[in-house]
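Undergrad: Just one file: input_14.cif, with mmCIF, C-alpha atoms.
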```cif
data_data
loop_
_atom_site.label_atom_id
_atom_site.label_comp_id
_atom_site.auth_asym_id
_atom_site.auth_seq_id
_atom_site.Cartn_x
_atom_site.Cartn_y
_atom_site.Cartn_z
CA MET A 1 -8.02 -20.30 -8.32
CA PRO A 2 -6.85 -19.41 -4.77
CA LYS A 3 -8.97 -16.87 -2.94
CA ILE A 4 -7.03 -14.19 -1.06
CA LEU A 5 -8.94 -12.17 1.56
CA ILE A 6 -7.39 -8.86 2.67
CA VAL A 7 -8.89 -7.61 5.94
CA GLY A 8 -8.48 -3.83 6.02
CA GLY A 9 -7.82 -1.22 3.35
CA GLY A 10 -5.44 1.15 5.11
CA TYR A 11 -1.76 1.61 4.24
CA ALA A 12 -0.74 -2.05 4.39
CA GLY A 13 -3.96 -3.46 2.95
CA PHE A 14 -4.21 -0.95 0.10
CA TYR A 15 -0.59 -1.39 -0.94
CA THR A 16 -0.85 -5.18 -0.70
CA ALA A 17 -3.84 -5.18 -3.05
CA LEU A 18 -2.31 -2.56 -5.37
CA LYS A 19 0.97 -4.43 -5.77
CA LEU A 20 -0.77 -7.80 -6.18
CA GLU A 21 -2.66 -6.36 -9.14
CA GLY A 22 0.67 -5.72 -10.85
CA LEU A 23 2.39 -8.95 -9.76
CA LEU A 24 -0.24 -11.64 -10.25
CA ARG A 25 -0.77 -13.22 -13.62
CA HIS A 26 -4.26 -13.49 -15.06
CA GLY A 27 -6.18 -16.19 -13.22
CA GLU A 28 -3.42 -16.76 -10.66
CA ALA A 29 -5.54 -15.65 -7.67
CA ASP A 30 -8.84 -13.99 -6.81
CA VAL A 31 -8.27 -11.04 -4.43
CA THR A 32 -10.96 -9.53 -2.20
CA MET A 33 -10.35 -6.57 0.11
CA VAL A 34 -12.83 -5.70 2.87
CA ASP A 35 -12.84 -2.38 4.71
CA PRO A 36 -15.66 -0.38 6.35
CA LEU A 37 -14.52 2.77 4.51
CA PRO A 38 -14.39 3.16 0.70
CA TYR A 39 -11.00 4.85 0.86
CA MET A 40 -7.52 4.77 2.35
CA THR A 41 -6.62 7.73 4.57
CA TYR A 42 -3.15 9.25 4.30
CA GLN A 43 -2.88 10.05 7.99
CA PRO A 44 0.24 12.29 7.87
CA PHE A 45 -1.99 14.85 6.11
CA LEU A 46 -4.61 14.98 8.87
CA PRO A 47 -2.97 17.86 10.79
CA GLU A 48 -2.89 19.97 7.62
CA VAL A 49 -6.49 19.03 6.83
CA ALA A 50 -7.44 20.24 10.32
CA ALA A 51 -5.56 23.48 9.66
CA GLY A 52 -7.23 24.09 6.29
CA SER A 53 -4.03 23.62 4.27
CA ILE A 54 -5.22 20.51 2.41
CA GLU A 55 -8.63 19.78 0.91
CA PRO A 56 -10.03 16.80 2.91
CA ARG A 57 -10.84 14.64 -0.12
CA HIS A 58 -7.26 14.96 -1.34
CA ALA A 59 -5.99 13.21 1.81
CA VAL A 60 -7.90 10.02 1.01
CA VAL A 61 -7.48 7.55 -1.87
CA SER A 62 -10.49 5.79 -3.37
CA HIS A 63 -10.35 1.99 -3.23
CA ARG A 64 -12.62 1.36 -6.19
CA ARG A 65 -10.97 3.91 -8.48
CA HIS A 66 -7.45 2.56 -8.08
CA LEU A 67 -7.99 -1.15 -7.30
CA THR A 68 -9.48 -2.15 -10.62
CA LYS A 69 -8.69 -5.89 -10.42
CA THR A 70 -9.59 -6.37 -6.74
CA ASN A 71 -13.03 -7.24 -5.39
CA VAL A 72 -13.65 -4.29 -3.08
CA VAL A 73 -16.22 -4.84 -0.33
CA THR A 74 -17.23 -1.84 1.79
CA ALA A 75 -18.16 -3.57 5.04
CA LYS A 76 -16.65 -4.81 8.30
CA VAL A 77 -14.95 -8.12 8.92
CA THR A 78 -16.35 -8.94 12.35
CA ALA A 79 -14.91 -12.44 12.82
CA ILE A 80 -12.30 -14.76 11.33
CA ASP A 81 -12.29 -18.54 11.78
CA HIS A 82 -9.03 -19.63 10.26
CA ALA A 83 -9.63 -23.27 11.22
CA THR A 84 -12.45 -23.37 8.66
CA LYS A 85 -11.04 -20.52 6.55
CA THR A 86 -14.16 -18.39 6.77
CA ALA A 87 -14.74 -14.77 7.73
CA THR A 88 -17.92 -13.00 8.76
CA ILE A 89 -18.72 -9.86 6.73
CA THR A 90 -21.09 -7.33 8.31
CA PRO A 91 -22.33 -4.62 5.90
CA PRO A 92 -23.76 -1.25 7.03
CA VAL A 93 -27.14 -2.33 5.61
CA GLY A 94 -28.42 -5.89 5.42
CA GLU A 95 -27.57 -9.17 7.09
CA PRO A 96 -24.03 -10.47 7.76
CA TRP A 97 -22.69 -13.26 5.59
CA GLU A 98 -19.72 -15.60 5.56
CA ILE A 99 -16.98 -15.61 2.95
CA ASP A 100 -14.61 -18.49 2.22
CA TYR A 101 -10.93 -17.90 1.57
CA ASP A 102 -7.74 -19.86 0.98
CA ILE A 103 -5.31 -17.20 2.24
CA VAL A 104 -6.08 -14.43 4.73
CA VAL A 105 -4.10 -11.18 4.98
CA VAL A 106 -4.82 -9.23 8.17
CA THR A 107 -4.06 -5.52 7.73
CA ALA A 108 -6.84 -4.07 9.88
CA GLY A 109 -4.71 -1.23 11.24
CA SER A 110 -5.07 0.44 14.61
CA VAL A 111 -7.51 2.59 16.58
CA SER A 112 -7.00 5.33 19.15
CA ARG A 113 -5.87 3.98 22.51
CA THR A 114 -7.51 5.74 25.43
CA PHE A 115 -7.58 5.35 29.21
CA PRO A 116 -10.59 5.41 31.56
CA ILE A 117 -10.15 9.09 32.38
CA PRO A 118 -13.45 10.75 33.34
CA GLY A 119 -14.86 12.84 30.51
CA VAL A 120 -12.45 11.74 27.75
CA ALA A 121 -14.90 9.41 26.00
CA ASP A 122 -17.59 12.13 26.06
CA GLU A 123 -15.56 15.26 25.28
CA ALA A 124 -12.43 14.34 23.29
CA ILE A 125 -11.92 13.57 19.61
CA GLY A 126 -9.18 11.49 18.00
CA LEU A 127 -7.06 12.12 14.92
CA LYS A 128 -7.13 8.78 13.09
CA ASN A 129 -9.53 9.48 10.24
CA ILE A 130 -10.47 12.28 7.86
CA GLU A 131 -13.83 12.92 9.51
CA GLU A 132 -12.11 13.75 12.80
CA ALA A 133 -9.70 16.18 11.11
CA ILE A 134 -12.61 17.97 9.40
CA ALA A 135 -14.49 18.21 12.70
CA VAL A 136 -11.44 19.71 14.44
CA ARG A 137 -11.04 22.34 11.73
CA ASP A 138 -14.74 23.26 11.82
CA ARG A 139 -14.72 23.50 15.61
CA VAL A 140 -11.83 25.99 15.62
CA LEU A 141 -13.42 28.15 12.92
CA VAL A 142 -16.89 28.11 14.50
CA ASN A 143 -15.43 28.94 17.92
CA PHE A 144 -13.75 32.04 16.48
CA ASP A 145 -17.11 33.09 15.02
CA LYS A 146 -18.84 32.64 18.37
CA ALA A 147 -16.11 34.24 20.46
CA SER A 148 -15.93 37.31 18.23
CA ASN A 149 -19.44 38.28 19.39
CA LEU A 150 -18.80 37.79 23.12
CA PRO A 151 -17.32 40.13 25.71
CA ALA A 152 -14.24 39.07 27.66
CA GLY A 153 -15.15 36.38 30.19
CA PRO A 154 -15.18 32.65 30.99
CA GLU A 155 -17.34 31.62 28.01
CA ARG A 156 -15.12 33.46 25.54
CA ASP A 157 -11.99 31.99 27.14
CA ARG A 158 -13.44 28.49 26.91
CA LEU A 159 -14.20 28.88 23.19
CA LEU A 160 -10.66 30.09 22.49
CA THR A 161 -8.86 27.43 24.55
CA PHE A 162 -7.69 24.37 22.61
CA THR A 163 -6.11 21.25 24.13
CA VAL A 164 -4.09 18.37 22.69
CA VAL A 165 -3.28 15.25 24.73
CA GLY A 166 -0.13 13.40 23.65
CA GLY A 167 3.29 14.73 22.70
CA GLY A 168 4.26 12.28 19.98
CA PHE A 169 4.53 13.22 16.31
CA ALA A 170 0.78 13.32 15.71
CA GLY A 171 0.16 15.44 18.81
CA ILE A 172 2.92 17.95 18.10
CA GLU A 173 1.94 18.29 14.44
CA ILE A 174 -1.75 18.95 15.11
CA PHE A 175 -0.79 21.26 17.98
CA GLY A 176 1.55 23.31 15.79
CA GLU A 177 -0.86 23.40 12.85
CA LEU A 178 -3.79 24.58 14.99
CA ARG A 179 -1.62 27.28 16.56
CA SER A 180 -0.65 28.40 13.06
CA LEU A 181 -4.31 28.41 11.94
CA ALA A 182 -5.42 30.44 14.96
CA THR A 183 -2.70 33.02 14.38
CA ASP A 184 -3.74 33.42 10.74
CA LEU A 185 -7.40 33.81 11.73
CA LEU A 186 -6.69 36.85 13.90
CA LYS A 187 -6.52 39.14 10.86
CA TYR A 188 -10.15 38.33 10.10
CA TYR A 189 -11.40 38.84 13.68
CA PRO A 190 -10.52 42.35 14.93
CA THR A 191 -12.28 41.72 18.26
CA ILE A 192 -9.95 38.80 19.09
CA THR A 193 -6.28 39.33 20.01
CA PHE A 194 -3.36 36.93 20.09
CA GLU A 195 -3.46 36.94 23.90
CA ASP A 196 -7.10 35.80 23.82
CA THR A 197 -6.16 32.42 22.31
CA HIS A 198 -4.81 29.63 24.52
CA PHE A 199 -3.17 26.37 23.44
CA HIS A 200 -2.25 23.55 25.85
CA LEU A 201 -0.48 20.27 25.10
CA ILE A 202 -0.41 17.61 27.82
CA GLU A 203 2.34 14.98 27.83
CA ALA A 204 2.87 12.41 30.60
CA MET A 205 6.55 11.89 29.78
CA GLY A 206 9.37 14.32 30.42
CA ARG A 207 9.91 15.05 26.73
CA ILE A 208 8.10 15.27 23.42
CA MET A 209 8.70 13.52 20.08
CA PRO A 210 10.88 10.57 21.15
CA GLU A 211 11.65 9.93 17.45
CA VAL A 212 13.98 12.98 17.36
CA SER A 213 17.00 13.91 19.47
CA LEU A 214 16.59 15.63 22.81
CA LYS A 215 18.21 18.76 21.40
CA THR A 216 15.73 18.89 18.52
CA SER A 217 12.79 18.33 20.87
CA HIS A 218 13.99 21.27 22.98
CA TRP A 219 14.04 23.44 19.85
CA VAL A 220 10.42 22.43 19.15
CA LEU A 221 9.41 23.34 22.70
CA LYS A 222 11.09 26.73 22.37
CA ASN A 223 9.47 27.33 18.99
CA LEU A 224 6.00 26.52 20.35
CA ALA A 225 6.54 28.70 23.42
CA GLN A 226 7.53 31.66 21.23
CA ARG A 227 4.29 31.19 19.31
CA GLY A 228 2.18 31.31 22.46
CA ALA A 229 1.56 27.60 22.96
CA GLU A 230 2.05 25.95 26.35
CA VAL A 231 3.38 22.38 26.75
CA HIS A 232 2.80 20.57 30.06
CA LEU A 233 5.52 17.91 30.47
CA GLU A 234 5.43 15.16 33.10
CA THR A 235 1.75 15.93 33.46
CA GLN A 236 -1.23 13.62 33.30
CA LEU A 237 -4.83 14.41 32.43
CA THR A 238 -6.97 13.36 35.40
CA SER A 239 -10.39 14.59 34.26
CA ALA A 240 -12.09 16.23 31.30
CA VAL A 241 -15.70 16.15 32.51
CA GLY A 242 -17.75 18.89 30.89
CA GLY A 243 -14.69 20.24 29.10
CA VAL A 244 -13.01 21.16 32.40
CA ILE A 245 -9.40 20.01 32.18
CA GLU A 246 -7.89 18.83 35.47
CA LEU A 247 -4.18 18.00 35.52
CA SER A 248 -2.04 15.97 37.89
CA THR A 249 -0.19 19.21 38.75
CA GLY A 250 -3.37 20.66 40.23
CA GLU A 251 -3.90 23.07 37.35
CA SER A 252 -7.39 23.38 35.88
CA PHE A 253 -8.93 25.23 32.94
CA GLU A 254 -11.92 25.00 30.60
CA THR A 255 -11.62 24.08 26.95
CA ASP A 256 -13.99 23.54 24.05
CA LEU A 257 -11.74 21.23 22.03
CA ILE A 258 -9.75 18.21 23.24
CA VAL A 259 -7.76 16.32 20.60
CA TRP A 260 -6.55 12.91 21.82
CA THR A 261 -3.33 11.63 20.22
CA ALA A 262 -1.89 9.63 23.13
CA GLY A 263 -1.17 6.37 21.37
CA VAL A 264 -2.84 3.65 19.30
CA MET A 265 -3.71 -0.02 19.73
CA ALA A 266 -4.33 -2.90 17.35
CA ASN A 267 -7.79 -3.13 15.81
CA PRO A 268 -10.04 -5.03 18.28
CA VAL A 269 -11.33 -7.26 15.45
CA LEU A 270 -8.49 -9.63 16.37
CA ARG A 271 -10.41 -10.55 19.52
CA ASN A 272 -12.96 -12.29 17.29
CA THR A 273 -10.47 -14.56 15.56
CA ASP A 274 -8.62 -17.79 16.31
CA LEU A 275 -5.33 -16.30 15.13
CA PRO A 276 -2.44 -15.98 17.64
CA ILE A 277 -2.20 -12.64 19.44
CA GLU A 278 0.62 -11.31 21.63
CA GLU A 279 0.24 -9.55 24.99
CA ARG A 280 -0.42 -6.10 23.48
CA GLY A 281 -3.27 -7.42 21.34
CA ARG A 282 -1.32 -7.49 18.06
CA LEU A 283 -1.17 -10.33 15.56
CA ARG A 284 1.92 -12.50 15.96
CA VAL A 285 3.90 -12.55 12.72
CA GLY A 286 7.43 -13.45 11.69
CA ALA A 287 9.87 -11.25 9.86
CA ASP A 288 8.57 -12.65 6.56
CA LEU A 289 5.07 -11.42 7.55
CA ARG A 290 3.60 -14.92 7.94
CA VAL A 291 1.48 -15.44 11.06
CA ILE A 292 3.23 -17.57 13.68
CA ASN A 293 2.35 -19.32 16.93
CA ASP A 294 4.35 -21.32 19.46
CA ASP A 295 4.60 -24.22 17.02
CA GLY A 296 5.83 -22.17 14.07
CA VAL A 297 4.17 -20.78 10.95
CA VAL A 298 0.37 -20.72 10.68
CA LEU A 299 -0.29 -21.76 7.10
CA ASP A 300 -2.11 -19.37 4.75
CA ALA A 301 -2.24 -16.50 7.24
CA TRP A 302 -0.31 -13.25 6.83
CA GLY A 303 -0.24 -9.88 8.57
CA ALA A 304 1.30 -6.42 8.30
CA GLY A 305 0.91 -2.83 9.46
CA ASP A 306 -0.19 -1.47 12.83
CA VAL A 307 -2.29 -4.53 13.66
CA SER A 308 0.75 -6.83 13.58
CA ALA A 309 3.82 -7.23 15.80
CA VAL A 310 6.42 -7.28 13.02
CA PRO A 311 9.98 -7.94 14.24
CA ASP A 312 12.37 -5.05 13.56
CA LEU A 313 15.51 -6.77 12.28
CA THR A 314 17.46 -3.50 12.46
CA GLY A 315 17.28 -3.66 16.27
CA ALA A 316 15.96 -0.11 16.47
CA GLY A 317 12.33 -0.97 17.17
CA VAL A 318 10.63 -0.56 20.53
CA GLY A 319 10.64 -3.95 22.25
CA GLY A 320 12.17 -5.47 19.15
CA PHE A 321 9.17 -4.69 16.92
CA CYS A 322 8.48 -2.13 14.20
CA VAL A 323 6.76 0.99 15.50
CA PRO A 324 3.25 1.62 14.13
CA ASN A 325 3.75 4.26 11.47
CA ALA A 326 3.14 4.83 7.76
CA GLN A 327 6.80 4.34 6.84
CA HIS A 328 6.67 0.70 7.94
CA ALA A 329 3.08 -0.08 6.91
CA VAL A 330 3.58 1.00 3.30
CA ARG A 331 6.79 -1.00 2.88
CA GLN A 332 5.36 -4.04 4.66
CA GLY A 333 2.35 -3.98 2.34
CA LYS A 334 4.57 -3.93 -0.73
CA LEU A 335 6.72 -6.79 0.57
CA LEU A 336 3.66 -8.78 1.61
CA ALA A 337 2.37 -8.63 -1.96
CA LYS A 338 5.72 -9.88 -3.28
CA ASN A 339 5.82 -12.65 -0.68
CA LEU A 340 2.28 -13.75 -1.52
CA ALA A 341 3.11 -13.94 -5.22
CA ALA A 342 6.25 -15.92 -4.39
CA TYR A 343 4.29 -18.24 -2.09
CA LEU A 344 1.73 -19.00 -4.82
CA ARG A 345 4.59 -19.91 -7.14
CA GLY A 346 6.30 -22.19 -4.65
CA GLU A 347 9.08 -19.73 -3.82
CA LEU A 348 10.31 -18.65 -0.38
CA PRO A 349 9.17 -15.32 1.11
CA LYS A 350 11.67 -12.61 2.04
CA GLU A 351 12.08 -11.05 5.47
CA TYR A 352 11.12 -7.45 6.16
CA PHE A 353 14.11 -5.20 6.84
CA HIS A 354 13.92 -1.43 6.79
CA LYS A 355 16.16 1.14 8.43
CA ASN A 356 14.43 4.29 9.58
CA MET A 357 15.03 7.01 7.01
CA GLY A 358 14.50 9.72 9.58
CA ALA A 359 11.59 11.70 10.92
CA VAL A 360 10.06 14.87 9.53
CA ALA A 361 7.26 16.93 11.04
CA GLY A 362 5.36 20.06 10.10
CA LEU A 363 4.59 22.51 12.91
CA GLY A 364 2.46 24.96 10.95
CA LEU A 365 3.11 27.16 7.93
CA GLY A 366 6.84 27.73 7.54
CA GLU A 367 7.82 25.69 10.62
CA GLY A 368 9.13 22.14 10.72
CA VAL A 369 11.82 19.73 11.92
CA PHE A 370 13.74 16.90 10.26
CA GLN A 371 15.93 14.35 12.06
CA SER A 372 18.06 11.59 10.56
CA GLY A 373 20.58 10.13 12.99
CA LYS A 374 22.46 13.06 14.50
CA PHE A 375 21.66 15.31 11.53
CA ALA A 376 18.80 17.76 12.11
CA VAL A 377 17.16 20.54 10.11
CA LYS A 378 14.83 23.08 11.68
CA GLY A 379 12.57 25.87 10.50
CA PRO A 380 11.37 26.73 6.95
CA LEU A 381 13.73 24.32 5.16
CA ALA A 382 12.50 21.39 7.26
CA TRP A 383 8.92 22.48 6.55
CA LEU A 384 9.62 22.35 2.81
CA MET A 385 11.21 18.92 3.26
CA HIS A 386 8.11 17.78 5.14
CA ARG A 387 5.80 18.92 2.36
CA GLY A 388 8.01 17.53 -0.37
CA TYR A 389 8.31 14.11 1.25
CA HIS A 390 4.64 13.64 2.07
CA GLY A 391 3.45 15.23 -1.16
CA LEU A 392 5.36 12.56 -3.06
CA ALA A 393 4.57 9.77 -0.58
CA VAL A 394 0.78 10.02 -0.82
CA PRO A 395 -0.40 7.17 -3.09
CA MET A 396 -1.35 7.70 -6.75
CA TRP A 397 -0.28 10.54 -9.01
CA GLU A 398 -3.75 12.06 -9.24
CA ARG A 399 -3.64 12.62 -5.47
CA LYS A 400 -0.12 14.04 -5.58
CA ILE A 401 -1.16 16.54 -8.26
CA ARG A 402 -4.25 17.61 -6.31
CA VAL A 403 -2.26 18.13 -3.09
CA PHE A 404 0.55 20.13 -4.71
CA SER A 405 -2.00 22.21 -6.63
CA VAL A 406 -3.81 23.22 -3.45
CA TRP A 407 -0.53 24.07 -1.72
CA ILE A 408 0.40 26.34 -4.62
CA LEU A 409 -3.04 27.97 -4.66
CA ASN A 410 -2.92 28.50 -0.90
CA PHE A 411 0.46 30.22 -1.27
CA ILE A 412 -1.16 32.67 -3.70
CA LEU A 413 -4.69 32.91 -2.27
CA ARG A 414 -4.11 31.95 1.41
CA ARG A 415 -5.65 28.93 3.08
CA ASP A 416 -9.40 28.35 3.05
CA ILE A 417 -11.07 29.36 6.34
CA VAL A 418 -14.66 28.34 5.54
CA SER A 419 -16.33 26.14 8.14
CA LEU A 420 -18.91 23.59 7.01
CA GLU A 421 -20.00 22.43 10.44
CA ALA A 422 -23.64 22.70 9.33
CA ARG A 423 -23.02 19.63 7.15
CA VAL A 424 -23.50 17.51 10.30
CA SER A 425 -27.23 18.36 10.22
CA PRO A 426 -27.85 19.37 6.59
CA ARG A 427 -31.67 19.14 6.72
CA VAL A 428 -32.13 21.78 9.42
CA ALA A 429 -32.43 24.69 6.95
CA PHE A 430 -34.91 22.79 4.79
CA GLU A 431 -36.99 21.56 7.73
CA THR A 432 -37.15 25.02 9.28
CA PHE A 433 -38.97 26.55 6.33
CA ALA A 434 -40.65 23.51 4.76
CA SER A 435 -44.40 23.71 4.34
CA ARG A 436 -46.39 21.09 6.17
CA PRO A 437 -49.96 19.87 5.67
CA LYS A 438 -52.46 21.89 7.62
CA PRO A 439 -54.35 19.99 10.33
CA PRO A 440 -57.83 18.87 9.23
CA VAL A 441 -60.66 21.26 10.08
CA PRO A 442 -63.13 19.60 12.45
CA GLU A 443 -66.57 19.09 11.00
CA LYS A 444 -69.33 21.28 12.34
CA VAL A 445 -71.82 19.44 14.50
CA ALA A 446 -75.46 20.05 13.54
CA PRO A 447 -77.49 21.75 16.30
#
```
Translate this structure into structure tokens?
TA:
Amino acid sequence: MPKILIVGGGYAGFYTALKLEGLLRHGEADVTMVDPLPYMTYQPFLPEVAAGSIEPRHAVVSHRRHLTKTNVVTAKVTAIDHATKTATITPPVGEPWEIDYDIVVVTAGSVSRTFPIPGVADEAIGLKNIEEAIAVRDRVLVNFDKASNLPAGPERDRLLTFTVVGGGFAGIEIFGELRSLATDLLKYYPTITFEDTHFHLIEAMGRIMPEVSLKTSHWVLKNLAQRGAEVHLETQLTSAVGGVIELSTGESFETDLIVWTAGVMANPVLRNTDLPIEERGRLRVGADLRVINDDGVVLDAWGAGDVSAVPDLTGAGVGGFCVPNAQHAVRQGKLLAKNLAAYLRGELPKEYFHKNMGAVAGLGLGEGVFQSGKFAVKGPLAWLMHRGYHGLAVPMWERKIRVFSVWILNFILRRDIVSLEARVSPRVAFETFASRPKPPVPEKVAP
């Protein structure tokens, strides 16, 4: 029975495994999926998780619960030797081991792409996983608690200044959601006014959200400005040492939260493989999702999602390739499963072709934008479209029900504003008051 190894359990990997479970006949193939996390993260929900509008666990999908026919391994693939068809598995506890395979599917996703700007690695946080979104939410809530007890001054200003780097969809969405959260929090903190909160977004290009029209992007800028958020266009971050933001314009200010959303890059695990990689570090694949090199197809190797340079046959992709987003990764994963089943049965694989359905973004409660071609929707209707689309797009019906339920409850009861930052060091309270053995009493020495 052929052994299929899926490297990565994100969008593309999860959907590949899920669809293979429905397509493969009993005994047709043995499928193993390896990922360091036990769940798939639905990343479009991360801004709303950070804003307290979605329960964090509802934005992730358990591998083991929903992949009942797949061998799920919670560990890292740290090397792939396709010449010998072996991969090195490194678990969080224990020694690494090698696994044999007949077909490898590389869907390892992407990681945050950063630049060697002083202070960024030490001070900033990304927005690629659920843990980061939770940390961002807790930081905002805790900073309001701290600032409410301080008089006006530099320390209070620093706690209430929040910075986002990157003006793409992810950056604008987290920026708008955090601004919305901060505005809602003011009713609970009478010592903090709207003017006390400061929001800065830094974008190196001359515009934001290249996925929408220029006119729509201008509306977003105007909307954010009216809500008290400042966008710095054609501006580069030059330093973030100690939380002191220094910009290429000469402007400088202190901040206690820096969210980095300025791009992604292919998972570096590809550097430890003998598979062909293009100049941007992505796996070289053809339109049918088979890995290719200069000589043609690399047998028994497939790839999809952010880690792969998949040709965009519509001609709309940047540089001729599909952009790294959920819309492509999900559909590529589904097609990859169909192509694998066809390949096992001696049939030809199909090429990936998908026209962009449009772009939709949430900018906080009641604010959003939708763009499809020249057609655009702005405001509350676009916000409802955003929630409707992503609420239905999140995998598995049990997750959809949980998400919609929380949205309905939040409409009635308001969003949850409880911070659980203490979870990072949960034993502090116990250790503080725990009884300890008394030191031994020294024996008396006889005179």
Undergrad: Give me the residues within 8 Å of Leu181 (chain A) as a list in words, counting only C-alpha atoms and dropping any in the same chain fewer than 5 places off.
TA: Ala51, Gly52 and Gly364 of chain A
Undergrad: I'd like to know which of A:Gly13, A:Gly228, A:Gly206, A:Gly109 is closest to Pro268 (chain A), using only C-alpha atoms.
TA: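 Nearest candidate to Pro268 (chain A) out of A:Gly13, A:Gly228, A:Gly206, A:Gly109: A:Gly109.
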Undergrad: Just the number, please: distance in Å from CA of Val31 (chain A) to CA of Thr107 (chain A), one decimal.
TA: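 Interatomic distance, CA of Val31 (chain A) to CA of Thr107 (chain A): 14.0 Å.
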Undergrad: So that I can check the surroundings of region 158-170 of chain A, please list as a VMD selection string every protein, DNA and RNA residue that reaches within 6 Å of it, counting all atoms listed in the file and ignoring chain neighbours fewer than 5 positions away.
TA: chain A and resid 143 197 to 203 208 to 209 254 to 262
Undergrad: Enumerate, as a list in words, the residues matched when the PyMOL selection byres ((chain A and resi 250) around 12) is run on the file above.
TA: His232, Thr235, Gln236, Leu237, Thr238, Ser239, Ile245, Glu246, Leu247, Ser248, Thr249, Glu251, Ser252 and Phe253 of chain A
Undergrad: Please write as a list in words the full residue list that the PyMOL selection byres ((chain A and resi 213) around 12) yields on this file.
TA: Arg207, Ile208, Met209, Pro210, Glu211, Val212, Leu214, Lys215, Thr216, Ser217, His218, Trp219, Val220, Gly358, Ala359, Val369, Phe370, Gln371, Ser372, Gly373, Lys374, Phe375, Ala376 and Val377 of chain A
Undergrad: Go ahead and save the picked residues with C-alpha atoms, as an mmCIF file, keeping the file's coordinate frame.
TA:
```cif
data_model
loop_
_atom_site.group_PDB
_atom_site.id
_atom_site.type_symbol
_atom_site.label_atom_id
_atom_site.label_comp_id
_atom_site.auth_asym_id
_atom_site.auth_seq_id
_atom_site.Cartn_x
_atom_site.Cartn_y
_atom_site.Cartn_z
ATOM 1 C CA ARG A 207 9.910 15.050 26.730
ATOM 2 C CA ILE A 208 8.100 15.270 23.420
ATOM 3 C CA MET A 209 8.700 13.520 20.080
ATOM 4 C CA PRO A 210 10.880 10.570 21.150
ATOM 5 C CA GLU A 211 11.650 9.930 17.450
ATOM 6 C CA VAL A 212 13.980 12.980 17.360
ATOM 7 C CA LEU A 214 16.590 15.630 22.810
ATOM 8 C CA LYS A 215 18.210 18.760 21.400
ATOM 9 C CA THR A 216 15.730 18.890 18.520
ATOM 10 C CA SER A 217 12.790 18.330 20.870
ATOM 11 C CA HIS A 218 13.990 21.270 22.980
ATOM 12 C CA TRP A 219 14.040 23.440 19.850
ATOM 13 C CA VAL A 220 10.420 22.430 19.150
ATOM 14 C CA GLY A 358 14.500 9.720 9.580
ATOM 15 C CA ALA A 359 11.590 11.700 10.920
ATOM 16 C CA VAL A 369 11.820 19.730 11.920
ATOM 17 C CA PHE A 370 13.740 16.900 10.260
ATOM 18 C CA GLN A 371 15.930 14.350 12.060
ATOM 19 C CA SER A 372 18.060 11.590 10.560
ATOM 20 C CA GLY A 373 20.580 10.130 12.990
ATOM 21 C CA LYS A 374 22.460 13.060 14.500
ATOM 22 C CA PHE A 375 21.660 15.310 11.530
ATOM 23 C CA ALA A 376 18.800 17.760 12.110
ATOM 24 C CA VAL A 377 17.160 20.540 10.110
#
```
Undergrad: Which residues would end up in the selection if the PyMOL selection byres ((chain A and resi 103) around 6) were applied here, given that I need the answer as an MDAnalysis selection string?
TA: chainID A and resid 4 101:102 104 300:301
Undergrad: Excluding Ala135 (chain A) and its own-chain neighbours fewer than 4 positions away, which residues fall within 12 Å of it when counting all atoms listed in the file? Please give them as a list in words.
TA: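 Non-adjacent residues within range: Leu46, Pro47, Val49, Ala50, Ala51, Gly52, Pro56, Ala124, Ile125, Gly126, Leu127, Lys128, Asn129, Ile130, Glu131, Arg139, Val140, Leu141, Val142, Asn143, Leu257, Ile258, Val259, Ser419, Leu420, Glu421, Ala422, Arg423 and Val424 of chain A.
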Undergrad: Please produce a file of the residues just selected, as a tab-separated table (two decimals), keeping the file's coordinate frame, where the atoms kept are C-alpha atoms.
TA:
```
chain	number	residue	atom	x	y	z
A	46	LEU	CA	-4.61	14.98	8.87
A	47	PRO	CA	-2.97	17.86	10.79
A	49	VAL	CA	-6.49	19.03	6.83
A	50	ALA	CA	-7.44	20.24	10.32
A	51	ALA	CA	-5.56	23.48	9.66
A	52	GLY	CA	-7.23	24.09	6.29
A	56	PRO	CA	-10.03	16.80	2.91
A	124	ALA	CA	-12.43	14.34	23.29
A	125	ILE	CA	-11.92	13.57	19.61
A	126	GLY	CA	-9.18	11.49	18.00
A	127	LEU	CA	-7.06	12.12	14.92
A	128	LYS	CA	-7.13	8.78	13.09
A	129	ASN	CA	-9.53	9.48	10.24
A	130	ILE	CA	-10.47	12.28	7.86
A	131	GLU	CA	-13.83	12.92	9.51
A	139	ARG	CA	-14.72	23.50	15.61
A	140	VAL	CA	-11.83	25.99	15.62
A	141	LEU	CA	-13.42	28.15	12.92
A	142	VAL	CA	-16.89	28.11	14.50
A	143	ASN	CA	-15.43	28.94	17.92
A	257	LEU	CA	-11.74	21.23	22.03
A	258	ILE	CA	-9.75	18.21	23.24
A	259	VAL	CA	-7.76	16.32	20.60
A	419	SER	CA	-16.33	26.14	8.14
A	420	LEU	CA	-18.91	23.59	7.01
A	421	GLU	CA	-20.00	22.43	10.44
A	422	ALA	CA	-23.64	22.70	9.33
A	423	ARG	CA	-23.02	19.63	7.15
A	424	VAL	CA	-23.50	17.51	10.30
```
Undergrad: CA of Arg284 (chain A) to CA of His354 (chain A): how many Å, to one decimal?
TA: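 Between CA of Arg284 (chain A) and CA of His354 (chain A) the gap is 18.7 Å.
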